$ cat input.pdb   # PDB, C-alpha atoms, pLDDT in the B column
ATOM      1  CA  MET A   1     -38.580  47.351  66.042  1.00 45.00           C
ATOM      2  CA  LEU A   2     -39.090  43.795  64.784  1.00 40.00           C
ATOM      3  CA  LYS A   3     -41.285  45.066  61.943  1.00 40.00           C
ATOM      4  CA  LYS A   4     -38.538  47.495  60.883  1.00 38.00           C
ATOM      5  CA  LEU A   5     -35.928  44.705  60.877  1.00 35.00           C
ATOM      6  CA  LEU A   6     -38.178  42.436  58.813  1.00 35.00           C
ATOM      7  CA  PHE A   7     -38.878  45.263  56.388  1.00 36.00           C
ATOM      8  CA  LEU A   8     -35.148  45.973  55.984  1.00 35.00           C
ATOM      9  CA  ALA A   9     -34.407  42.269  55.525  1.00 35.00           C
ATOM     10  CA  CYS A  10     -37.017  42.081  52.744  1.00 38.00           C
ATOM     11  CA  ILE A  11     -35.506  45.119  51.032  1.00 35.00           C
ATOM     12  CA  VAL A  12     -32.011  43.588  51.196  1.00 33.00           C
ATOM     13  CA  LEU A  13     -33.240  40.245  49.846  1.00 34.00           C
ATOM     14  CA  LEU A  14     -35.107  41.888  46.994  1.00 35.00           C
ATOM     15  CA  SER A  15     -32.184  44.091  46.053  1.00 35.00           C
ATOM     16  CA  CYS A  16     -29.742  41.177  46.062  1.00 35.00           C
ATOM     17  CA  SER A  17     -31.836  38.795  44.016  1.00 36.00           C
ATOM     18  CA  GLY A  18     -30.802  38.403  40.386  1.00 40.00           C
ATOM     19  CA  GLY A  19     -32.953  37.688  37.396  1.00 48.00           C
ATOM     20  CA  GLY A  20     -35.212  40.697  37.166  1.00 63.00           C
ATOM     21  CA  GLY A  21     -32.802  43.574  37.159  1.00 69.00           C
ATOM     22  CA  VAL A  22     -32.751  46.702  39.241  1.00 66.00           C
ATOM     23  CA  TYR A  23     -32.967  50.289  38.065  1.00 70.00           C
ATOM     24  CA  VAL A  24     -29.875  52.237  39.124  1.00 69.00           C
ATOM     25  CA  GLN A  25     -30.631  55.940  39.547  1.00 70.00           C
ATOM     26  CA  LYS A  26     -27.030  56.911  38.951  1.00 74.00           C
ATOM     27  CA  SER A  27     -24.218  55.347  36.992  1.00 81.00           C
ATOM     28  CA  ASP A  28     -22.097  52.729  38.768  1.00 83.00           C
ATOM     29  CA  TYR A  29     -19.274  51.657  36.481  1.00 85.00           C
ATOM     30  CA  GLN A  30     -15.545  51.328  35.982  1.00 85.00           C
ATOM     31  CA  MET A  31     -13.849  53.000  33.032  1.00 84.00           C
ATOM     32  CA  THR A  32     -10.489  52.189  31.434  1.00 87.00           C
ATOM     33  CA  GLN A  33      -8.853  54.263  28.710  1.00 82.00           C
ATOM     34  CA  VAL A  34      -6.718  51.939  26.561  1.00 75.00           C
ATOM     35  CA  SER A  35      -5.381  54.646  24.246  1.00 75.00           C
ATOM     36  CA  LYS A  36      -6.135  58.251  23.403  1.00 74.00           C
ATOM     37  CA  SER A  37      -7.492  57.278  19.992  1.00 70.00           C
ATOM     38  CA  SER A  38      -9.837  54.501  21.150  1.00 74.00           C
ATOM     39  CA  ALA A  39     -13.111  54.627  23.033  1.00 78.00           C
ATOM     40  CA  PRO A  40     -12.809  53.979  26.758  1.00 85.00           C
ATOM     41  CA  ILE A  41     -13.920  50.607  28.068  1.00 90.00           C
ATOM     42  CA  ILE A  42     -16.881  50.970  30.410  1.00 90.00           C
ATOM     43  CA  SER A  43     -18.082  48.152  32.657  1.00 90.00           C
ATOM     44  CA  GLY A  44     -21.122  48.397  34.930  1.00 92.00           C
ATOM     45  CA  ALA A  45     -24.559  49.988  35.176  1.00 92.00           C
ATOM     46  CA  ILE A  46     -24.687  53.320  33.413  1.00 92.00           C
ATOM     47  CA  LEU A  47     -27.274  55.884  32.440  1.00 90.00           C
ATOM     48  CA  TRP A  48     -27.754  56.392  28.694  1.00 89.00           C
ATOM     49  CA  GLU A  49     -26.735  60.056  28.907  1.00 88.00           C
ATOM     50  CA  ASP A  50     -23.531  59.143  30.761  1.00 90.00           C
ATOM     51  CA  PHE A  51     -22.822  56.337  28.296  1.00 89.00           C
ATOM     52  CA  LEU A  52     -23.091  58.679  25.305  1.00 85.00           C
ATOM     53  CA  GLU A  53     -20.805  61.197  26.981  1.00 85.00           C
ATOM     54  CA  LYS A  54     -18.148  58.686  28.062  1.00 86.00           C
ATOM     55  CA  SER A  55     -18.224  56.336  25.060  1.00 83.00           C
ATOM     56  CA  HIS A  56     -17.357  58.975  22.470  1.00 75.00           C
ATOM     57  CA  TRP A  57     -20.171  57.662  20.289  1.00 76.00           C
ATOM     58  CA  HIS A  58     -21.847  60.350  18.244  1.00 63.00           C
ATOM     59  CA  ASN A  59     -23.960  62.232  20.771  1.00 51.00           C
ATOM     60  CA  ASN A  60     -26.538  62.992  18.107  1.00 51.00           C
ATOM     61  CA  ALA A  61     -26.822  59.336  17.052  1.00 53.00           C
ATOM     62  CA  ILE A  62     -30.258  59.016  18.619  1.00 55.00           C
ATOM     63  CA  ASP A  63     -31.583  61.875  16.490  1.00 59.00           C
ATOM     64  CA  THR A  64     -30.617  60.124  13.249  1.00 58.00           C
ATOM     65  CA  LYS A  65     -32.408  56.853  14.019  1.00 69.00           C
ATOM     66  CA  SER A  66     -36.021  56.086  13.271  1.00 80.00           C
ATOM     67  CA  ALA A  67     -38.635  53.745  14.700  1.00 89.00           C
ATOM     68  CA  ASP A  68     -42.292  53.066  13.995  1.00 93.00           C
ATOM     69  CA  ILE A  69     -44.230  55.579  16.093  1.00 94.00           C
ATOM     70  CA  LEU A  70     -47.369  53.496  16.730  1.00 96.00           C
ATOM     71  CA  ILE A  71     -45.495  50.305  17.600  1.00 96.00           C
ATOM     72  CA  SER A  72     -43.013  52.225  19.778  1.00 96.00           C
ATOM     73  CA  LYS A  73     -45.860  53.807  21.726  1.00 97.00           C
ATOM     74  CA  SER A  74     -47.577  50.421  22.107  1.00 97.00           C
ATOM     75  CA  VAL A  75     -44.374  48.773  23.358  1.00 97.00           C
ATOM     76  CA  CYS A  76     -43.712  51.503  25.912  1.00 97.00           C
ATOM     77  CA  ASN A  77     -47.342  51.619  27.038  1.00 98.00           C
ATOM     78  CA  VAL A  78     -47.373  47.868  27.786  1.00 97.00           C
ATOM     79  CA  ILE A  79     -44.037  48.044  29.631  1.00 98.00           C
ATOM     80  CA  ASN A  80     -44.822  51.265  31.517  1.00 98.00           C
ATOM     81  CA  ASN A  81     -48.173  49.909  32.741  1.00 97.00           C
ATOM     82  CA  GLY A  82     -47.094  46.339  33.463  1.00 96.00           C
ATOM     83  CA  ASP A  83     -44.705  44.513  35.746  1.00 97.00           C
ATOM     84  CA  TYR A  84     -41.899  44.590  33.164  1.00 97.00           C
ATOM     85  CA  PHE A  85     -38.236  45.470  33.455  1.00 97.00           C
ATOM     86  CA  LEU A  86     -35.764  45.641  30.563  1.00 97.00           C
ATOM     87  CA  GLN A  87     -32.034  45.020  30.738  1.00 96.00           C
ATOM     88  CA  LEU A  88     -29.897  46.370  27.887  1.00 97.00           C
ATOM     89  CA  ILE A  89     -26.341  45.147  27.498  1.00 97.00           C
ATOM     90  CA  THR A  90     -23.831  46.943  25.294  1.00 95.00           C
ATOM     91  CA  ASN A  91     -20.176  47.917  25.185  1.00 93.00           C
ATOM     92  CA  THR A  92     -18.142  50.794  23.831  1.00 90.00           C
ATOM     93  CA  HIS A  93     -16.159  48.782  21.281  1.00 87.00           C
ATOM     94  CA  SER A  94     -18.899  47.214  19.117  1.00 89.00           C
ATOM     95  CA  THR A  95     -19.892  48.901  15.874  1.00 88.00           C
ATOM     96  CA  MET A  96     -23.104  46.835  15.848  1.00 91.00           C
ATOM     97  CA  ALA A  97     -24.027  48.136  19.301  1.00 92.00           C
ATOM     98  CA  GLU A  98     -23.139  51.666  18.221  1.00 90.00           C
ATOM     99  CA  SER A  99     -25.517  51.409  15.264  1.00 89.00           C
ATOM    100  CA  GLN A 100     -28.345  49.531  17.038  1.00 92.00           C
ATOM    101  CA  LEU A 101     -28.547  50.902  20.590  1.00 92.00           C
ATOM    102  CA  PRO A 102     -29.665  54.391  19.501  1.00 90.00           C
ATOM    103  CA  ILE A 103     -32.640  52.761  17.750  1.00 92.00           C
ATOM    104  CA  ILE A 104     -33.736  51.190  21.042  1.00 94.00           C
ATOM    105  CA  PHE A 105     -33.439  54.517  22.824  1.00 92.00           C
ATOM    106  CA  LYS A 106     -35.360  56.198  19.999  1.00 92.00           C
ATOM    107  CA  ILE A 107     -38.207  53.727  20.701  1.00 95.00           C
ATOM    108  CA  PHE A 108     -37.995  54.656  24.392  1.00 95.00           C
ATOM    109  CA  GLU A 109     -38.035  58.362  23.505  1.00 93.00           C
ATOM    110  CA  ILE A 110     -41.025  58.072  21.135  1.00 94.00           C
ATOM    111  CA  GLY A 111     -43.027  55.992  23.613  1.00 96.00           C
ATOM    112  CA  ASN A 112     -42.037  57.954  26.750  1.00 97.00           C
ATOM    113  CA  MET A 113     -40.524  54.899  28.434  1.00 97.00           C
ATOM    114  CA  LYS A 114     -40.198  55.410  32.190  1.00 97.00           C
ATOM    115  CA  LYS A 115     -36.536  55.379  33.199  1.00 94.00           C
ATOM    116  CA  GLU A 116     -37.226  53.014  36.084  1.00 95.00           C
ATOM    117  CA  LYS A 117     -38.411  50.373  33.595  1.00 97.00           C
ATOM    118  CA  TYR A 118     -34.977  49.673  32.126  1.00 96.00           C
ATOM    119  CA  GLN A 119     -31.289  49.544  32.965  1.00 96.00           C
ATOM    120  CA  LEU A 120     -28.329  49.908  30.619  1.00 96.00           C
ATOM    121  CA  TYR A 121     -25.227  47.847  31.335  1.00 96.00           C
ATOM    122  CA  SER A 122     -21.892  48.143  29.574  1.00 94.00           C
ATOM    123  CA  ALA A 123     -19.482  45.201  29.375  1.00 93.00           C
ATOM    124  CA  ASN A 124     -15.735  45.203  28.991  1.00 90.00           C
ATOM    125  CA  LYS A 125     -13.897  43.253  26.252  1.00 88.00           C
ATOM    126  CA  GLU A 126     -14.150  40.031  28.269  1.00 89.00           C
ATOM    127  CA  ASN A 127     -17.970  40.425  28.443  1.00 89.00           C
ATOM    128  CA  TYR A 128     -17.768  41.179  32.165  1.00 90.00           C
ATOM    129  CA  ILE A 129     -20.143  43.731  33.664  1.00 93.00           C
ATOM    130  CA  HIS A 130     -18.660  45.260  36.827  1.00 89.00           C
ATOM    131  CA  GLY A 131     -20.924  44.413  39.756  1.00 89.00           C
ATOM    132  CA  TYR A 132     -23.384  42.304  37.717  1.00 88.00           C
ATOM    133  CA  ASN A 133     -21.916  38.803  37.320  1.00 83.00           C
ATOM    134  CA  GLU A 134     -25.367  37.187  37.019  1.00 86.00           C
ATOM    135  CA  ILE A 135     -26.141  38.718  33.604  1.00 90.00           C
ATOM    136  CA  PHE A 136     -25.269  36.354  30.767  1.00 91.00           C
ATOM    137  CA  PHE A 137     -25.221  37.372  27.101  1.00 94.00           C
ATOM    138  CA  ASP A 138     -23.524  36.328  23.898  1.00 92.00           C
ATOM    139  CA  ALA A 139     -23.813  39.433  21.712  1.00 94.00           C
ATOM    140  CA  VAL A 140     -24.204  43.171  21.980  1.00 95.00           C
ATOM    141  CA  PRO A 141     -26.539  44.772  22.032  1.00 96.00           C
ATOM    142  CA  THR A 142     -28.721  42.381  23.998  1.00 97.00           C
ATOM    143  CA  LEU A 143     -32.158  43.339  25.260  1.00 98.00           C
ATOM    144  CA  ILE A 144     -33.581  41.111  28.018  1.00 97.00           C
ATOM    145  CA  ILE A 145     -37.276  41.447  28.790  1.00 98.00           C
ATOM    146  CA  ASN A 146     -38.301  40.465  32.318  1.00 97.00           C
ATOM    147  CA  TYR A 147     -41.846  40.083  33.600  1.00 97.00           C
ATOM    148  CA  LYS A 148     -42.414  39.822  37.349  1.00 96.00           C
ATOM    149  CA  GLY A 149     -38.681  39.227  37.814  1.00 95.00           C
ATOM    150  CA  GLU A 150     -38.404  36.381  35.291  1.00 96.00           C
ATOM    151  CA  GLU A 151     -36.909  36.565  31.820  1.00 97.00           C
ATOM    152  CA  ILE A 152     -39.582  36.097  29.145  1.00 98.00           C
ATOM    153  CA  GLY A 153     -37.452  36.821  26.100  1.00 97.00           C
ATOM    154  CA  ARG A 154     -34.379  38.431  24.669  1.00 97.00           C
ATOM    155  CA  ILE A 155     -33.029  39.891  21.474  1.00 98.00           C
ATOM    156  CA  SER A 156     -29.288  39.406  20.912  1.00 97.00           C
ATOM    157  CA  GLY A 157     -27.365  41.251  18.245  1.00 94.00           C
ATOM    158  CA  LEU A 158     -29.758  42.212  15.476  1.00 95.00           C
ATOM    159  CA  PRO A 159     -33.561  41.935  15.671  1.00 96.00           C
ATOM    160  CA  LYS A 160     -35.390  39.584  13.292  1.00 97.00           C
ATOM    161  CA  VAL A 161     -37.754  42.266  11.951  1.00 96.00           C
ATOM    162  CA  SER A 162     -37.160  45.490  13.895  1.00 95.00           C
ATOM    163  CA  TRP A 163     -36.481  46.301  17.538  1.00 96.00           C
ATOM    164  CA  GLU A 164     -39.971  47.602  18.220  1.00 96.00           C
ATOM    165  CA  GLN A 165     -41.726  44.721  16.405  1.00 97.00           C
ATOM    166  CA  ASP A 166     -39.556  42.046  18.025  1.00 98.00           C
ATOM    167  CA  ILE A 167     -40.125  43.532  21.499  1.00 98.00           C
ATOM    168  CA  LEU A 168     -43.880  43.701  20.890  1.00 97.00           C
ATOM    169  CA  SER A 169     -43.857  40.079  19.726  1.00 97.00           C
ATOM    170  CA  ILE A 170     -42.155  38.955  22.964  1.00 98.00           C
ATOM    171  CA  LEU A 171     -44.564  41.000  25.090  1.00 97.00           C
ATOM    172  CA  TYR A 172     -47.637  39.507  23.437  1.00 93.00           C
ATOM    173  CA  LYS A 173     -46.357  35.906  23.522  1.00 91.00           C
ATOM    174  CA  ASN A 174     -46.474  36.055  27.309  1.00 76.00           C
TER     175      ASN A 174
END
$ encode --input "input.pdb" --output "structure tokens"
Amino acid sequence: MLKKLLFLACIVLLSCSGGGGVYVQKSDYQMTQVSKSSAPIISGAILWEDFLEKSHWHNNAIDTKSADILISKSVCNVINNGDYFLQLITNTHSTMAESQLPIIFKIFEIGNMKKEKYQLYSANKENYIHGYNEIFFDAVPTLIINYKGEEIGRISGLPKVSWEQDILSILYKN
């Protein structure tokens, strides 16, 4: 009985700790519709498929984006086989996020990124993410790369070279 209690306590502590992110198997968000003509405001953890459906972004946006195949596969291979976790922050009202986020997901698609290796979060207009107060960012999209629960790098707004090259650069610096 004591072993079970200790095990449960460890699980609770690990799930409550910030910093490294946690994969959410289903969407956990709040949605507000400001007007019929505008995109809804989504705040919280959300699956990419749900985000595309709810955001009214072009559902085929990911098909029109391109990424370097070899670098994308390298990035995903390192992340899939290491102790990495990615946090992606976006919102439904940023044209930059709408143009850039599909590129990131194209990289994930090309490289067969495991879904448990990343989490997508959507912020409201006040940059608040429902249920995730510990995530700080100054632009969308933001990609935070964590290794063993600690942030090792981030890309905010636009990448310096390309998403896949900038991610690879962060991975190999550490």
$ residues_around --input "input.pdb" --residues "Met31 of chain A" --least-positions-apart "4" --cutoff "8 Å" --atoms "only C-alpha atoms" --output "JSON, numbers by chain"
{"A": [40, 41, 42, 43]}
$ atom_distance --input "input.pdb" --atom1 "atom CA of Ile144 of chain A" --atom2 "atom CA of Lys54 of chain A"
23.4 Å
$ residues_around --input "input.pdb" --residues "Ile79 of chain A" --least-positions-apart "3" --cutoff "10 Å" --atoms "all atoms listed in the file" --output "PyMOL selection string"
chain A and resi 73-76+82-86+113-114+117-118+145-147+168+171
$ resolve_selection --input "input.pdb" --expression "the PyMOL selection byres ((chain A and resi 139) around 10)" --output "list in words"
Ile89, Thr90, Asn91, Ser94, Met96, Ala97, Asn127, Phe136, Phe137, Asp138, Val140, Pro141, Thr142, Leu143, Ile155, Ser156, Gly157 and Leu158 of chain A
$ resolve_selection --input "input.pdb" --expression "the PyMOL selection byres ((chain A and resi 129) around 6)" --output "list in words"
Ser43, Gly44, Ala123, Tyr128, His130 and Tyr132 of chain A
$ resolve_selection --input "input.pdb" --expression "the PyMOL selection byres ((chain A and resi 27) around 8)" --output "mmCIF file with C-alpha atoms, in the frame of the given file"
data_model
loop_
_atom_site.group_PDB
_atom_site.id
_atom_site.type_symbol
_atom_site.label_atom_id
_atom_site.label_comp_id
_atom_site.auth_asym_id
_atom_site.auth_seq_id
_atom_site.Cartn_x
_atom_site.Cartn_y
_atom_site.Cartn_z
ATOM 1 C CA VAL A 24 -29.875 52.237 39.124
ATOM 2 C CA GLN A 25 -30.631 55.940 39.547
ATOM 3 C CA LYS A 26 -27.030 56.911 38.951
ATOM 4 C CA ASP A 28 -22.097 52.729 38.768
ATOM 5 C CA TYR A 29 -19.274 51.657 36.481
ATOM 6 C CA GLY A 44 -21.122 48.397 34.930
ATOM 7 C CA ALA A 45 -24.559 49.988 35.176
ATOM 8 C CA ILE A 46 -24.687 53.320 33.413
ATOM 9 C CA LEU A 47 -27.274 55.884 32.440
ATOM 10 C CA ASP A 50 -23.531 59.143 30.761
#
$ atom_distance --input "input.pdb" --atom1 "atom CA of Glu49 of chain A" --atom2 "atom CA of Asn77 of chain A"
22.3 Å
$ atom_distance --input "input.pdb" --atom1 "atom CA of Gly131 of chain A" --atom2 "atom CA of Ile152 of chain A"
23.0 Å
$ closest_residue --input "input.pdb" --among "A:His93, A:Lys106, A:Lys36, A:His56" --to "Glu164 of chain A" --atoms "only C-alpha atoms"
A:Lys106
$ closest_residue --input "input.pdb" --among "A:Gln87, A:Gln119, A:Gln100, A:Thr95" --to "Glu150 of chain A" --atoms "only C-alpha atoms"
A:Gln87
$ closest_residue --input "input.pdb" --among "A:Ser66, A:Lys125, A:Ile170, A:Ser99" --to "Val34 of chain A" --atoms "only C-alpha atoms"
A:Lys125
$ closest_residue --input "input.pdb" --among "A:Asn174, A:Glu109, A:Leu88, A:Ser38" --to "Lys148 of chain A" --atoms "only C-alpha atoms"
A:Asn174
$ closest_residue --input "input.pdb" --among "A:Leu101, A:Gly153, A:Asn124, A:Gln30" --to "Lys173 of chain A" --atoms "all atoms listed in the file"
A:Gly153
$ closest_residue --input "input.pdb" --among "A:Ile103, A:Trp57, A:Lys115, A:Asn80" --to "Ser162 of chain A" --atoms "only C-alpha atoms"
A:Ile103
$ axis_aligned_box --input "input.pdb" --around "segment 71-75 of chain A" --padding-each-side "8 Å" --output "JSON"
{"center_x": -45.3, "center_y": 51.3, "center_z": 20.5, "size_x": 20.6, "size_y": 21.0, "size_z": 21.8}
